[in-house]
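Below: protein-v1.txt (compact mmCIF, C-alpha atoms and all ligand atoms)
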# COMPACT_ATOMS: atom_id res chain seq x y z
CA MET A 6 -50.04 75.46 15.70
CA HIS A 7 -46.72 75.72 17.46
CA LEU A 8 -43.76 73.54 16.56
CA THR A 9 -41.65 71.79 19.18
CA GLN A 10 -38.43 69.99 18.40
CA GLU A 11 -36.05 68.25 20.75
CA LEU A 12 -32.37 69.19 20.45
CA GLU A 13 -30.64 65.83 19.92
CA LEU A 14 -27.34 67.17 21.30
CA PHE A 15 -29.04 68.43 24.46
CA PRO A 16 -31.82 65.90 25.00
CA ASP A 17 -33.30 67.80 27.99
CA HIS A 18 -33.90 70.84 25.79
CA CYS A 19 -36.73 71.55 23.42
CA VAL A 20 -37.18 74.47 21.05
CA THR A 21 -40.69 75.76 20.47
CA GLN A 22 -41.65 78.15 17.69
CA MET A 23 -44.89 80.13 17.70
CA LEU A 24 -45.96 82.46 14.91
CA PHE A 25 -48.31 85.41 15.39
CA LYS A 26 -49.91 87.72 12.86
CA GLU A 27 -51.96 90.92 13.32
CA VAL A 28 -49.87 91.72 16.38
CA LYS A 29 -50.88 95.00 18.05
CA ASN A 30 -48.39 95.19 20.92
CA ALA A 31 -44.97 94.61 19.34
CA ALA A 32 -43.46 97.61 21.15
CA GLU A 33 -44.64 96.36 24.52
CA LEU A 34 -43.38 92.83 23.82
CA ARG A 35 -39.99 94.11 22.76
CA GLN A 36 -39.79 96.25 25.91
CA SER A 37 -40.59 93.21 28.12
CA ALA A 38 -37.89 91.18 26.38
CA VAL A 39 -35.33 93.96 26.87
CA GLU A 40 -36.23 94.14 30.57
CA GLY A 41 -35.93 90.38 30.89
CA LYS A 42 -39.63 89.98 31.77
CA LEU A 43 -40.32 87.91 28.70
CA ASN A 44 -38.25 84.78 28.32
CA GLY A 45 -38.18 84.18 24.61
CA ALA A 46 -36.61 85.36 21.39
CA LEU A 47 -38.83 87.72 19.41
CA ILE A 48 -37.93 87.41 15.76
CA ASN A 49 -38.96 89.30 12.64
CA PRO A 50 -40.42 86.51 10.48
CA THR A 51 -39.75 88.29 7.19
CA MET A 52 -36.09 87.29 7.65
CA LEU A 53 -36.87 83.60 8.11
CA VAL A 54 -36.97 81.01 5.33
CA CYS A 55 -38.02 77.99 7.36
CA ASP A 56 -38.24 76.63 10.91
CA PHE A 57 -34.98 74.71 10.39
CA GLN A 58 -33.13 78.03 10.24
CA VAL A 59 -34.38 78.81 13.76
CA LEU A 60 -33.39 75.34 15.02
CA VAL A 61 -29.84 75.82 13.75
CA ALA A 62 -29.61 79.16 15.57
CA ALA A 63 -31.11 77.74 18.78
CA ASN A 64 -28.89 74.66 18.85
CA LYS A 65 -25.80 76.80 18.42
CA ALA A 66 -26.98 79.18 21.15
CA VAL A 67 -27.46 76.35 23.67
CA HIS A 68 -24.07 74.91 22.71
CA LEU A 69 -22.32 78.26 23.22
CA GLN A 70 -24.15 78.85 26.48
CA LYS A 71 -23.03 75.47 27.82
CA THR A 72 -19.44 76.06 26.76
CA GLY A 73 -19.44 79.61 28.15
CA LYS A 74 -18.77 81.15 24.75
CA MET A 75 -21.85 83.26 24.07
CA LYS A 76 -21.24 86.60 22.35
CA THR A 77 -24.35 88.23 23.84
CA ARG A 78 -25.89 88.43 27.31
CA SER A 79 -28.65 85.85 27.15
CA LEU A 80 -29.65 82.66 25.39
CA TYR A 81 -32.44 84.47 23.59
CA SER A 82 -30.32 87.31 22.29
CA GLU A 83 -27.78 84.69 21.23
CA ILE A 84 -30.42 82.97 19.07
CA ILE A 85 -31.11 86.27 17.30
CA PHE A 86 -27.37 86.94 16.92
CA ASN A 87 -26.81 83.45 15.46
CA LEU A 88 -29.36 84.09 12.72
CA SER A 89 -27.27 86.95 11.39
CA PRO A 90 -24.55 86.34 8.80
CA THR A 91 -22.28 88.97 10.37
CA ASN A 92 -20.65 89.40 13.77
CA ASN A 93 -22.17 92.83 14.35
CA ILE A 94 -24.52 92.48 17.32
CA SER A 95 -26.57 95.67 16.93
CA GLU A 96 -27.03 94.99 13.23
CA ALA A 97 -28.28 91.47 14.08
CA PHE A 98 -30.94 92.87 16.43
CA LYS A 99 -31.99 95.48 13.89
CA ARG A 100 -32.46 92.91 11.11
CA PHE A 101 -33.65 89.83 12.96
CA GLY A 102 -35.28 91.19 16.11
CA ILE A 103 -38.72 92.75 16.04
CA SER A 104 -39.30 96.50 15.68
CA ASP A 105 -41.98 98.46 17.48
CA GLY A 106 -44.32 98.74 14.49
CA ASP A 107 -44.17 95.08 13.39
CA ASP A 108 -47.41 93.16 12.99
CA ALA A 109 -45.93 89.67 12.71
CA VAL A 110 -43.75 88.00 15.34
CA MET A 111 -42.04 84.65 15.64
CA VAL A 112 -41.58 83.69 19.29
CA VAL A 113 -38.87 81.14 20.05
CA LEU A 114 -38.55 79.41 23.42
CA VAL A 115 -36.02 76.96 24.79
CA HIS A 116 -37.48 74.85 27.59
CA ASN A 117 -37.43 71.50 29.32
CA LYS A 118 -39.16 68.58 27.70
CA ASP A 119 -42.06 68.40 30.12
CA GLU A 120 -42.53 72.14 30.54
CA SER A 121 -45.47 73.64 28.69
CA GLN A 122 -46.36 76.49 31.05
CA PRO A 123 -43.94 79.00 29.42
CA LEU A 124 -45.73 78.46 26.11
CA SER A 125 -49.14 79.53 27.32
CA ASP A 126 -47.62 82.31 29.46
CA ILE A 127 -46.05 83.90 26.43
CA ALA A 128 -48.97 83.27 24.10
CA ALA A 129 -51.12 85.17 26.60
CA LYS A 130 -48.84 88.20 26.39
CA VAL A 131 -49.14 88.55 22.62
CA ASP A 132 -52.06 90.61 21.41
CA GLY A 133 -52.38 88.93 18.04
CA LEU A 134 -53.54 85.94 16.05
CA GLN A 135 -51.55 82.71 16.40
CA VAL A 136 -51.12 80.96 13.02
CA PRO A 137 -49.39 77.71 12.02
CA VAL A 138 -45.59 78.00 12.04
CA GLU A 139 -45.52 76.81 8.41
CA ASP A 140 -47.14 80.12 7.41
CA MET A 141 -43.77 81.77 7.90
CA SER A 142 -42.77 80.96 4.33
CA SER A 143 -45.53 83.26 3.07
CA LEU A 144 -44.08 86.08 5.18
CA SER A 145 -40.43 85.64 4.07
CA ASP A 146 -38.91 88.52 2.15
CA THR A 147 -36.64 86.40 -0.05
CA ALA A 148 -35.12 89.35 -1.93
CA LYS A 149 -34.03 90.91 1.36
CA ILE A 150 -32.76 87.58 2.70
CA LYS A 151 -30.66 86.96 -0.42
CA LYS A 152 -29.18 90.42 -0.19
CA LEU A 153 -28.36 90.26 3.49
CA TYR A 154 -26.79 86.79 3.35
CA LYS A 155 -25.07 87.65 0.04
CA VAL A 156 -26.43 84.55 -1.70
CA THR A 157 -25.02 84.26 -5.21
CA PRO A 158 -27.12 83.19 -8.21
CA GLN A 159 -24.69 80.27 -8.86
CA GLU A 160 -25.21 79.08 -5.30
CA GLU A 161 -28.94 78.76 -5.83
CA LYS A 162 -28.23 76.35 -8.67
CA CYS A 163 -26.58 73.84 -6.33
CA GLY A 164 -29.01 74.15 -3.44
CA THR A 165 -31.95 75.95 -1.90
CA LEU A 166 -32.04 79.38 -0.31
CA LEU A 167 -32.36 77.63 3.07
CA ASP A 168 -29.14 75.68 2.38
CA ALA A 169 -27.28 78.90 1.60
CA VAL A 170 -28.61 80.66 4.69
CA VAL A 171 -27.86 77.77 7.06
CA CYS A 172 -24.30 77.45 5.72
CA ARG A 173 -23.63 81.15 6.37
CA MET A 174 -25.01 80.92 9.91
CA ALA A 175 -23.04 77.79 10.78
CA THR A 176 -19.71 79.11 9.52
CA LYS A 177 -19.75 82.84 10.23
CA ASP A 178 -17.26 82.62 13.13
CA VAL A 179 -14.44 81.58 10.81
CA MET A 180 -15.22 83.72 7.77
CA GLU B 8 -19.83 77.92 35.31
CA VAL B 9 -16.85 75.57 35.23
CA ASN B 10 -19.12 72.64 35.89
CA THR B 11 -21.54 73.43 33.13
CA ALA B 12 -18.64 73.90 30.73
CA GLN B 13 -17.34 70.45 31.53
CA GLU B 14 -20.77 68.93 31.30
CA SER B 15 -21.35 70.57 27.95
CA SER B 16 -18.14 69.40 26.38
CA MET B 17 -19.60 65.91 26.80
CA ALA B 18 -22.75 66.68 24.78
CA VAL B 19 -21.27 65.90 21.36
CA PRO B 20 -19.23 62.82 22.40
CA GLU B 21 -22.30 61.45 24.16
CA PHE B 22 -24.41 62.07 21.09
CA LEU B 23 -21.82 60.34 18.88
CA SER B 24 -21.65 57.31 21.16
CA LYS B 25 -25.19 56.53 20.02
CA ALA B 26 -24.63 57.39 16.35
CA GLU B 27 -23.83 54.94 13.59
CA LEU B 28 -20.09 54.80 12.83
CA LEU B 29 -19.58 54.78 9.03
CA LYS B 30 -15.84 55.06 8.79
CA GLN B 31 -12.85 55.01 11.09
CA GLY B 32 -10.03 56.86 9.37
CA ALA B 33 -6.52 57.82 10.45
CA GLU B 34 -7.50 61.44 11.15
CA ALA B 35 -11.24 61.34 11.60
CA ARG B 36 -14.31 59.25 12.24
CA VAL B 37 -17.45 59.63 10.13
CA TYR B 38 -20.87 59.01 11.68
CA ARG B 39 -24.45 59.04 10.55
CA ALA B 40 -27.16 60.44 12.84
CA GLN B 41 -30.37 62.39 13.02
CA PHE B 42 -29.71 66.07 13.87
CA LEU B 43 -32.39 68.77 14.19
CA GLY B 44 -34.65 66.22 12.56
CA LYS B 45 -32.50 65.74 9.45
CA PRO B 46 -30.27 62.89 8.26
CA THR B 47 -26.78 64.12 9.06
CA ILE B 48 -23.15 63.08 8.63
CA VAL B 49 -20.81 64.01 11.48
CA LYS B 50 -17.10 64.18 10.87
CA GLU B 51 -15.04 64.06 14.06
CA ARG B 52 -11.33 64.76 14.11
CA PHE B 53 -9.68 63.11 17.08
CA PRO B 54 -6.39 63.89 18.84
CA LYS B 55 -3.23 62.23 17.62
CA ARG B 56 -1.45 60.90 20.66
CA TYR B 57 2.02 61.03 19.13
CA ARG B 58 1.75 64.77 18.54
CA HIS B 59 2.33 67.39 21.20
CA PRO B 60 -1.14 68.18 22.61
CA VAL B 61 -0.91 71.94 22.06
CA LEU B 62 0.38 71.56 18.51
CA ASP B 63 -2.16 68.84 17.82
CA GLU B 64 -5.01 71.04 18.99
CA LYS B 65 -3.82 73.85 16.73
CA LEU B 66 -3.47 71.64 13.67
CA THR B 67 -6.81 69.94 14.23
CA HIS B 68 -8.53 73.29 14.68
CA ARG B 69 -6.92 74.65 11.53
CA ARG B 70 -7.99 71.63 9.47
CA THR B 71 -11.57 71.95 10.70
CA VAL B 72 -11.62 75.63 9.79
CA GLN B 73 -10.10 74.96 6.37
CA GLU B 74 -12.65 72.27 5.63
CA VAL B 75 -15.53 74.58 6.55
CA ARG B 76 -14.13 77.48 4.50
CA SER B 77 -13.51 75.37 1.40
CA ILE B 78 -17.02 73.93 1.46
CA LEU B 79 -18.55 77.39 1.70
CA ARG B 80 -16.29 78.75 -1.03
CA CYS B 81 -17.29 75.90 -3.36
CA ARG B 82 -20.99 76.30 -2.67
CA ARG B 83 -20.84 80.03 -3.30
CA ALA B 84 -19.35 79.31 -6.71
CA GLY B 85 -22.11 76.83 -7.51
CA ILE B 86 -20.07 73.68 -6.87
CA SER B 87 -22.13 71.15 -4.91
CA ALA B 88 -20.78 70.21 -1.48
CA PRO B 89 -22.76 69.16 1.62
CA VAL B 90 -24.56 71.90 3.56
CA ILE B 91 -22.91 72.65 6.91
CA TYR B 92 -25.41 72.53 9.78
CA PHE B 93 -23.20 73.03 12.82
CA VAL B 94 -19.53 73.10 13.83
CA ASP B 95 -18.24 72.29 17.32
CA TYR B 96 -14.72 73.66 17.65
CA ASN B 97 -14.28 71.99 21.06
CA SER B 98 -14.69 68.42 19.88
CA HIS B 99 -13.67 69.29 16.28
CA CYS B 100 -16.88 68.01 14.76
CA ILE B 101 -18.55 69.16 11.57
CA PHE B 102 -22.24 68.34 11.13
CA LEU B 103 -23.07 68.04 7.43
CA GLU B 104 -26.06 67.34 5.26
CA GLU B 105 -26.25 63.64 4.39
CA ILE B 106 -26.58 63.20 0.64
CA VAL B 107 -29.27 60.58 1.04
CA GLY B 108 -29.34 57.72 -1.44
CA SER B 109 -26.12 58.82 -3.11
CA SER B 110 -23.42 56.54 -4.44
CA THR B 111 -19.74 57.33 -4.87
CA VAL B 112 -18.42 58.03 -8.35
CA ARG B 113 -16.07 55.14 -7.64
CA ASP B 114 -18.90 52.63 -7.24
CA HIS B 115 -20.75 54.13 -10.16
CA ILE B 116 -17.78 53.74 -12.53
CA ALA B 117 -17.14 50.20 -11.32
CA SER B 118 -20.73 49.09 -11.82
CA THR B 119 -21.04 50.84 -15.18
CA GLN B 120 -17.84 49.18 -16.41
CA TRP B 121 -19.43 45.79 -15.75
CA SER B 122 -22.77 46.54 -17.24
CA GLU B 123 -24.90 47.52 -20.14
CA SER B 124 -24.42 48.91 -23.57
CA CYS B 125 -23.34 52.47 -24.37
CA LYS B 126 -21.29 52.42 -21.19
CA GLU B 127 -18.42 54.23 -22.95
CA GLN B 128 -20.65 57.14 -23.71
CA LYS B 129 -22.02 57.28 -20.17
CA LEU B 130 -18.59 57.11 -18.58
CA GLU B 131 -17.27 59.79 -20.89
CA GLN B 132 -20.12 62.09 -19.96
CA LEU B 133 -19.36 61.53 -16.31
CA ALA B 134 -15.64 62.16 -16.78
CA GLU B 135 -16.37 65.37 -18.65
CA HIS B 136 -18.69 66.50 -15.92
CA VAL B 137 -16.02 65.84 -13.26
CA GLY B 138 -13.48 67.76 -15.34
CA GLN B 139 -15.79 70.77 -15.50
CA ILE B 140 -16.41 70.78 -11.77
CA LEU B 141 -12.73 70.51 -10.90
CA ALA B 142 -11.96 73.34 -13.32
CA LYS B 143 -14.53 75.52 -11.60
CA MET B 144 -13.14 74.58 -8.18
CA HIS B 145 -9.56 75.42 -9.20
CA ASP B 146 -10.70 78.69 -10.77
CA GLU B 147 -11.96 79.54 -7.26
CA ASP B 148 -8.47 78.66 -5.96
CA VAL B 149 -9.77 75.78 -3.85
CA ILE B 150 -7.29 72.88 -3.72
CA HIS B 151 -9.11 69.76 -2.56
CA GLY B 152 -6.00 67.92 -1.39
CA ASP B 153 -7.44 64.41 -1.55
CA LEU B 154 -9.19 63.97 -4.88
CA THR B 155 -10.38 60.41 -5.42
CA THR B 156 -13.49 58.97 -7.01
CA SER B 157 -14.61 58.02 -3.47
CA ASN B 158 -14.70 61.68 -2.52
CA MET B 159 -17.26 62.47 -5.20
CA LEU B 160 -20.87 61.49 -4.62
CA LEU B 161 -23.59 61.17 -7.22
CA ARG B 162 -26.78 62.69 -5.92
CA ARG B 163 -29.63 60.83 -7.48
CA GLY B 164 -31.86 63.47 -9.00
CA PRO B 165 -35.19 63.03 -10.70
CA LYS B 166 -34.94 60.77 -13.76
CA ASP B 167 -33.48 62.22 -16.97
CA VAL B 168 -31.88 65.07 -15.11
CA ALA B 169 -28.10 64.70 -15.12
CA SER B 170 -27.29 63.50 -11.63
CA ASP B 171 -25.42 66.06 -9.65
CA ILE B 172 -21.84 65.45 -8.47
CA VAL B 173 -21.22 66.45 -4.86
CA LEU B 174 -17.63 66.90 -3.66
CA ILE B 175 -16.93 65.69 -0.12
CA ASP B 176 -14.08 65.35 2.37
CA PHE B 177 -12.33 68.72 2.21
CA GLY B 178 -10.21 67.73 5.24
CA LEU B 179 -6.92 68.36 3.43
CA SER B 180 -8.09 71.31 1.38
CA TYR B 181 -6.64 74.79 1.25
CA ILE B 182 -6.79 77.97 -0.78
CA SER B 183 -4.06 78.58 -3.36
CA ALA B 184 -3.77 80.24 -6.76
CA LEU B 185 -0.53 78.44 -7.67
CA PRO B 186 -0.68 76.30 -10.84
CA GLU B 187 1.72 73.90 -9.11
CA ASP B 188 -0.80 73.18 -6.31
CA LYS B 189 -3.58 72.62 -8.83
CA GLY B 190 -1.34 70.38 -10.92
CA VAL B 191 -0.52 68.26 -7.87
CA ASP B 192 -4.25 68.09 -7.01
CA LEU B 193 -4.90 66.61 -10.48
CA TYR B 194 -1.90 64.30 -10.17
CA VAL B 195 -3.27 62.87 -6.93
CA LEU B 196 -6.57 62.23 -8.71
CA GLU B 197 -4.84 60.65 -11.69
CA LYS B 198 -2.93 58.22 -9.47
CA ALA B 199 -6.05 57.29 -7.51
CA PHE B 200 -8.23 57.09 -10.61
CA LEU B 201 -5.97 54.80 -12.63
CA SER B 202 -5.25 52.47 -9.71
CA THR B 203 -8.93 52.23 -8.67
CA HIS B 204 -10.25 51.85 -12.20
CA PRO B 205 -7.97 49.72 -14.39
CA ASN B 206 -7.70 50.47 -18.10
CA THR B 207 -9.21 53.94 -17.88
CA GLU B 208 -6.26 55.96 -19.27
CA GLU B 209 -8.41 57.20 -22.15
CA LEU B 210 -11.27 58.05 -19.86
CA PHE B 211 -8.98 60.09 -17.62
CA GLU B 212 -7.63 61.91 -20.67
CA LYS B 213 -11.23 62.90 -21.45
CA LEU B 214 -11.55 64.26 -17.94
CA LEU B 215 -8.40 66.34 -18.36
CA LYS B 216 -9.49 67.61 -21.77
CA SER B 217 -12.76 68.75 -20.31
CA TYR B 218 -10.89 70.38 -17.40
CA ALA B 219 -8.59 72.20 -19.82
CA ALA B 220 -11.51 73.39 -21.93
CA SER B 221 -13.50 74.68 -18.92
CA SER B 222 -10.83 76.36 -16.83
CA ARG B 223 -9.73 79.90 -17.53
CA LYS B 224 -6.21 79.19 -16.30
CA SER B 225 -5.71 75.58 -17.34
CA SER B 226 -2.62 75.73 -19.56
CA ALA B 227 -0.24 76.57 -16.69
CA VAL B 228 -1.89 73.86 -14.55
CA ILE B 229 -1.59 71.14 -17.21
CA LYS B 230 2.04 72.15 -17.75
CA LYS B 231 2.67 71.68 -14.04
CA LEU B 232 0.83 68.37 -14.09
CA ASP B 233 3.20 67.16 -16.83
CA GLU B 234 6.18 68.27 -14.73
CA VAL B 235 4.87 66.50 -11.64
CA ARG B 236 4.24 63.32 -13.63
CA LEU B 237 7.82 63.42 -14.89
CA ARG B 238 9.15 63.91 -11.36
CA GLY B 239 7.00 61.03 -10.17
CA ARG B 240 8.33 58.77 -12.88
CA LYS B 241 11.96 59.74 -12.23
CA ARG B 242 11.52 59.12 -8.54
CA SER B 243 10.05 55.68 -9.15
CA MET B 244 12.90 54.84 -11.54
CA VAL B 245 15.49 55.75 -8.93
CA GLY B 246 13.56 53.58 -6.56
N1 LIG A 301 -22.34 64.21 3.10
C1 LIG A 301 -22.37 62.87 2.90
N2 LIG A 301 -23.51 62.27 2.46
C2 LIG A 301 -23.54 60.93 2.26
N3 LIG A 301 -22.53 60.11 2.50
C3 LIG A 301 -21.39 60.64 2.95
C4 LIG A 301 -21.24 62.04 3.18
N4 LIG A 301 -20.00 62.28 3.63
C5 LIG A 301 -19.39 61.08 3.69
N5 LIG A 301 -20.22 60.08 3.28
C6 LIG A 301 -19.92 58.65 3.22
O1 LIG A 301 -18.94 58.34 4.20
C7 LIG A 301 -17.75 57.89 3.57
C8 LIG A 301 -16.53 58.46 4.28
O2 LIG A 301 -16.56 59.85 4.24
P1 LIG A 301 -15.22 60.74 4.09
O3 LIG A 301 -14.30 60.34 5.19
O4 LIG A 301 -15.68 62.17 4.19
O5 LIG A 301 -14.64 60.40 2.74
C9 LIG A 301 -17.86 58.32 2.12
O6 LIG A 301 -17.18 57.49 1.24
C10 LIG A 301 -19.35 58.30 1.87
O7 LIG A 301 -19.78 57.00 1.51

Could you show the structure in this file as structure tokens?
Amino acid sequence: MHLTQELELFPDHCVTQMLFKEVKNAAELRQSAVEGKLNGALINPTMLVCDFQVLVAANKAVHLQKTGKMKTRSLYSEIIFNLSPTNNISEAFKRFGISDGDDAVMVVLVHNKDESQPLSDIAAKVDGLQVPVEDMSSLSDTAKIKKLYKVTPQEEKCGTLLDAVVCRMATKDVM
Amino acid sequence: EVNTAQESSMAVPEFLSKAELLKQGAEARVYRAQFLGKPTIVKERFPKRYRHPVLDEKLTHRRTVQEVRSILRCRRAGISAPVIYFVDYNSHCIFLEEIVGSSTVRDHIASTQWSESCKEQKLEQLAEHVGQILAKMHDEDVIHGDLTTSNMLLRRGPKDVASDIVLIDFGLSYISALPEDKGVDLYVLEKAFLSTHPNTEELFEKLLKSYAASSRKSSAVIKKLDEVRLRGRKRSMVG
């Protein structure tokens, strides 16, 4: 169900994505994350095109953490910030973080290769139904994504929506 | 904190030490590797020892930023260029989509010249296509800076669909609206084109015709190209 990918640049680190639907306790989860009791990024899956988008954000977050150049206070908030096409932190949380009434949540964890405990710990905290990560594409709000990332119609002729989104995320610091 | 920062700055160099080196250039090395599970090209700009370190760092940073900006600007306008996955401004590395199974326009022209029937028609189509893309790029005020047929890849699409041309290597690119800069960009291509592909003067004329027909602002650019050609010839006559 979940998806785990090693970060080739940081071979000790893995990124795990877990998708939940029919979530009843989004407000509580968000509160735990804010208080630092839940070690994971809680993402609104309607703003995600594909798991690769999350990997790009997570890799960049680990890189910036290691080089002491994070723009936010924690690795997990940095992942959410990196998803956003702009440098406005509160806007990033509003768009890409979860809101109290949400019923779908993508949980993203960064952990050591041989650590699996954090996965089950977090899964236990979510009151919802875990579904395969691939289901995220059926939750994506592509119209909203195109608008937020300012994807042009011409651009979609030379690549996919994911390509456009990833390019914006990777280059936003110099735009 | 200091320790982790030092440790981290080694992550990319360590990763590259295990990657496949494709090209060692004067300014950069190009590698192939797997990154976030995808086939990836990494372009690494390295320090130039003869330059002052502070100046060198500034120039290298600026080139990396310009490359990234030009690629994004092209893609936004519908001009194919590799997707950017990640940029490390410490080691000056750009991680790009590998155009898997592509060939350079250079190799394609060379092999077509040697082969089959109706090659004239095929080459003309290709030249016209390149002209259109460059016109679009210049209309966006992107100056490539190093146009050659090696810096254009043919992405092999499904059969019967015109294969897509992908522009690469924006390392010397910049943004300018000046017809002079665009004219010089075309002049660089002309020089490279005619020396790489002998007896293609007519083919290159087709490319320019197509450029002129597709660009909104081509007449001033072609005028500048003629001026630059004249200057080039005068210079070579003087020696
Ligand atoms: N994005 C790419 N996809 C596939 N091959 C590439 C890519 N970028 C560069 N190459 C190959 O690497 C060579 C050197 O790259 P460059 O220095 O950017 O011109 C090119 O001639 C291509 O054969």

Would you kindly report the residues of chain A within 6 Å of chain B, using only C-alpha atoms, as an mmCIF file with C-alpha atoms, keeping the file's coordinate frame?
data_model
loop_
_atom_site.group_PDB
_atom_site.id
_atom_site.type_symbol
_atom_site.label_atom_id
_atom_site.label_comp_id
_atom_site.auth_asym_id
_atom_site.auth_seq_id
_atom_site.Cartn_x
_atom_site.Cartn_y
_atom_site.Cartn_z
ATOM 1 C CA LEU A 14 -27.340 67.170 21.300
ATOM 2 C CA LYS A 71 -23.030 75.470 27.820
ATOM 3 C CA THR A 72 -19.440 76.060 26.760
ATOM 4 C CA GLN A 159 -24.690 80.270 -8.860
ATOM 5 C CA GLU A 160 -25.210 79.080 -5.300
ATOM 6 C CA CYS A 163 -26.580 73.840 -6.330
ATOM 7 C CA CYS A 172 -24.300 77.450 5.720
ATOM 8 C CA ALA A 175 -23.040 77.790 10.780
#

Contacts to ligand LIG 301 (chain A) at 6 Å cut-off (all atoms listed in the file) as a compact mmCIF listing (two decimals) with C-alpha atoms, in the frame of the given file:
# COMPACT_ATOMS: atom_id res chain seq x y z
CA LYS B 30 -15.84 55.06 8.79
CA VAL B 37 -17.45 59.63 10.13
CA ILE B 48 -23.15 63.08 8.63
CA PRO B 89 -22.76 69.16 1.62
CA LEU B 103 -23.07 68.04 7.43
CA GLU B 104 -26.06 67.34 5.26
CA GLU B 105 -26.25 63.64 4.39
CA ILE B 106 -26.58 63.20 0.64
CA VAL B 107 -29.27 60.58 1.04
CA SER B 157 -14.61 58.02 -3.47
CA ASN B 158 -14.70 61.68 -2.52
CA ILE B 175 -16.93 65.69 -0.12
CA ASP B 176 -14.08 65.35 2.37

Between B:Ser98, B:Lys231, B:Thr111, B:Gln120, which is the closest to Leu174 (chain B) once you count all atoms listed in the file?
B:Thr111

What is the distance between CA of Glu13 (chain A) and CA of Met180 (chain A), in Å to one decimal?
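These atoms are spaced 26.6 Å apart.
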
For each of A:Val136, A:Ala148, A:Met23, A:Ala38, take the minimum atom-to-atom distance to Leu114 (chain A), counting all atoms listed in the file, then give the residue where this is smallest.
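Of the candidates, the smallest distance to Leu114 (chain A) is held by A:Met23.
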
Counting all atoms listed in the file, what is within 7 Å of Asp146 (chain A), bar same-chain residues fewer than 3 positions away, as number ranges by chain?
A: 51-52, 149-150

Would you compute the box with edges along x, y and z of the file around region 81-86 of chain A, including every atom the file lists for it and 5 Å extra on each side, and give its centre and edge lengths in Å to one decimal, as lines of an AutoDock Vina configuration file?
center_x = -29.9
center_y = 85.1
center_z = 20.3
size_x = 15.1
size_y = 14.3
size_z = 16.7

Which is closest to Ile150 (chain B) among B:Glu131, B:Asp114, B:Glu212, B:Glu74, if we use all atoms listed in the file?
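Of all the options, B:Glu74 lies closest to Ile150 (chain B).
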
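Taking all atoms listed in the file into account, Lys42 (chain A) lies nearest to A:Asp126 out of the set A:Arg173, A:Asp126, A:Tyr154, A:Ser145.
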
Surrounding residues of Ala32 (chain A) excluding itself and chain neighbours under 5 positions, 8 Å, only C-alpha atoms, as a VMD selection string
chain A and resid 104 to 106

Could you write those residues out with C-alpha atoms, as an mmCIF file, in the coordinates of the input?
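Listed below is the output, part.cif:
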data_model
loop_
_atom_site.group_PDB
_atom_site.id
_atom_site.type_symbol
_atom_site.label_atom_id
_atom_site.label_comp_id
_atom_site.auth_asym_id
_atom_site.auth_seq_id
_atom_site.Cartn_x
_atom_site.Cartn_y
_atom_site.Cartn_z
ATOM 1 C CA SER A 104 -39.300 96.500 15.680
ATOM 2 C CA ASP A 105 -41.980 98.460 17.480
ATOM 3 C CA GLY A 106 -44.320 98.740 14.490
#

CA of Val49 (chain B) to CA of Tyr81 (chain A), straight-line distance in Å:
26.5 Å

Distance query His151 (chain B) at most 6 Å, only C-alpha atoms, self and fewer than 2 positions along chain excluded, as a list in words
Asp153, Phe177 and Ser180 of chain B

What is the distance, in Å and to one decimal place, between CA of Glu120 (chain A) and CA of Leu24 (chain A)?
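Answer for the CA of Glu120 (chain A) to CA of Leu24 (chain A) separation: 19.0 Å.
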
Determine the nearest neighbour of Met144 (chain B) from the options B:Arg113, B:Arg69, B:Lys224, B:Arg58, counting all atoms listed in the file.
B:Lys224

Can you list, as a PDB file with C-alpha atoms, in the coordinates of the input, every protein, DNA or RNA residue that comes within 8 Å of Val28 (chain A) when you count all atoms listed in the file, leaving out same-chain residues fewer than 2 positions away?
ATOM      1  CA  PHE A  25     -48.310  85.410  15.390  1.00  0.00           C
ATOM      2  CA  LYS A  26     -49.910  87.720  12.860  1.00  0.00           C
ATOM      3  CA  ASN A  30     -48.390  95.190  20.920  1.00  0.00           C
ATOM      4  CA  ALA A  31     -44.970  94.610  19.340  1.00  0.00           C
ATOM      5  CA  ASP A 107     -44.170  95.080  13.390  1.00  0.00           C
ATOM      6  CA  ASP A 108     -47.410  93.160  12.990  1.00  0.00           C
ATOM      7  CA  ALA A 109     -45.930  89.670  12.710  1.00  0.00           C
ATOM      8  CA  VAL A 110     -43.750  88.000  15.340  1.00  0.00           C
ATOM      9  CA  VAL A 131     -49.140  88.550  22.620  1.00  0.00           C
ATOM     10  CA  ASP A 132     -52.060  90.610  21.410  1.00  0.00           C
ATOM     11  CA  GLY A 133     -52.380  88.930  18.040  1.00  0.00           C
ATOM     12  CA  LEU A 134     -53.540  85.940  16.050  1.00  0.00           C
TER      13      LEU A 134
END

Please write a file for region 66-78 of chain B, taken from the block I just shared, that holds C-alpha atoms and is laid out as an mmCIF file, in the first residue's frame.
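Output below, filename out_7.cif:
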data_model
loop_
_atom_site.group_PDB
_atom_site.id
_atom_site.type_symbol
_atom_site.label_atom_id
_atom_site.label_comp_id
_atom_site.auth_asym_id
_atom_site.auth_seq_id
_atom_site.Cartn_x
_atom_site.Cartn_y
_atom_site.Cartn_z
ATOM 1 C CA LEU B 66 30.284 33.401 -12.426
ATOM 2 C CA THR B 67 29.583 29.712 -11.988
ATOM 3 C CA HIS B 68 26.527 30.460 -9.866
ATOM 4 C CA ARG B 69 25.249 32.953 -12.406
ATOM 5 C CA ARG B 70 25.653 30.492 -15.283
ATOM 6 C CA THR B 71 23.787 27.798 -13.364
ATOM 7 C CA VAL B 72 20.947 30.208 -12.633
ATOM 8 C CA GLN B 73 20.815 31.389 -16.252
ATOM 9 C CA GLU B 74 20.676 27.833 -17.530
ATOM 10 C CA VAL B 75 17.804 26.977 -15.195
ATOM 11 C CA ARG B 76 15.867 30.145 -16.086
ATOM 12 C CA SER B 77 16.262 29.680 -19.838
ATOM 13 C CA ILE B 78 15.066 26.085 -19.695
#
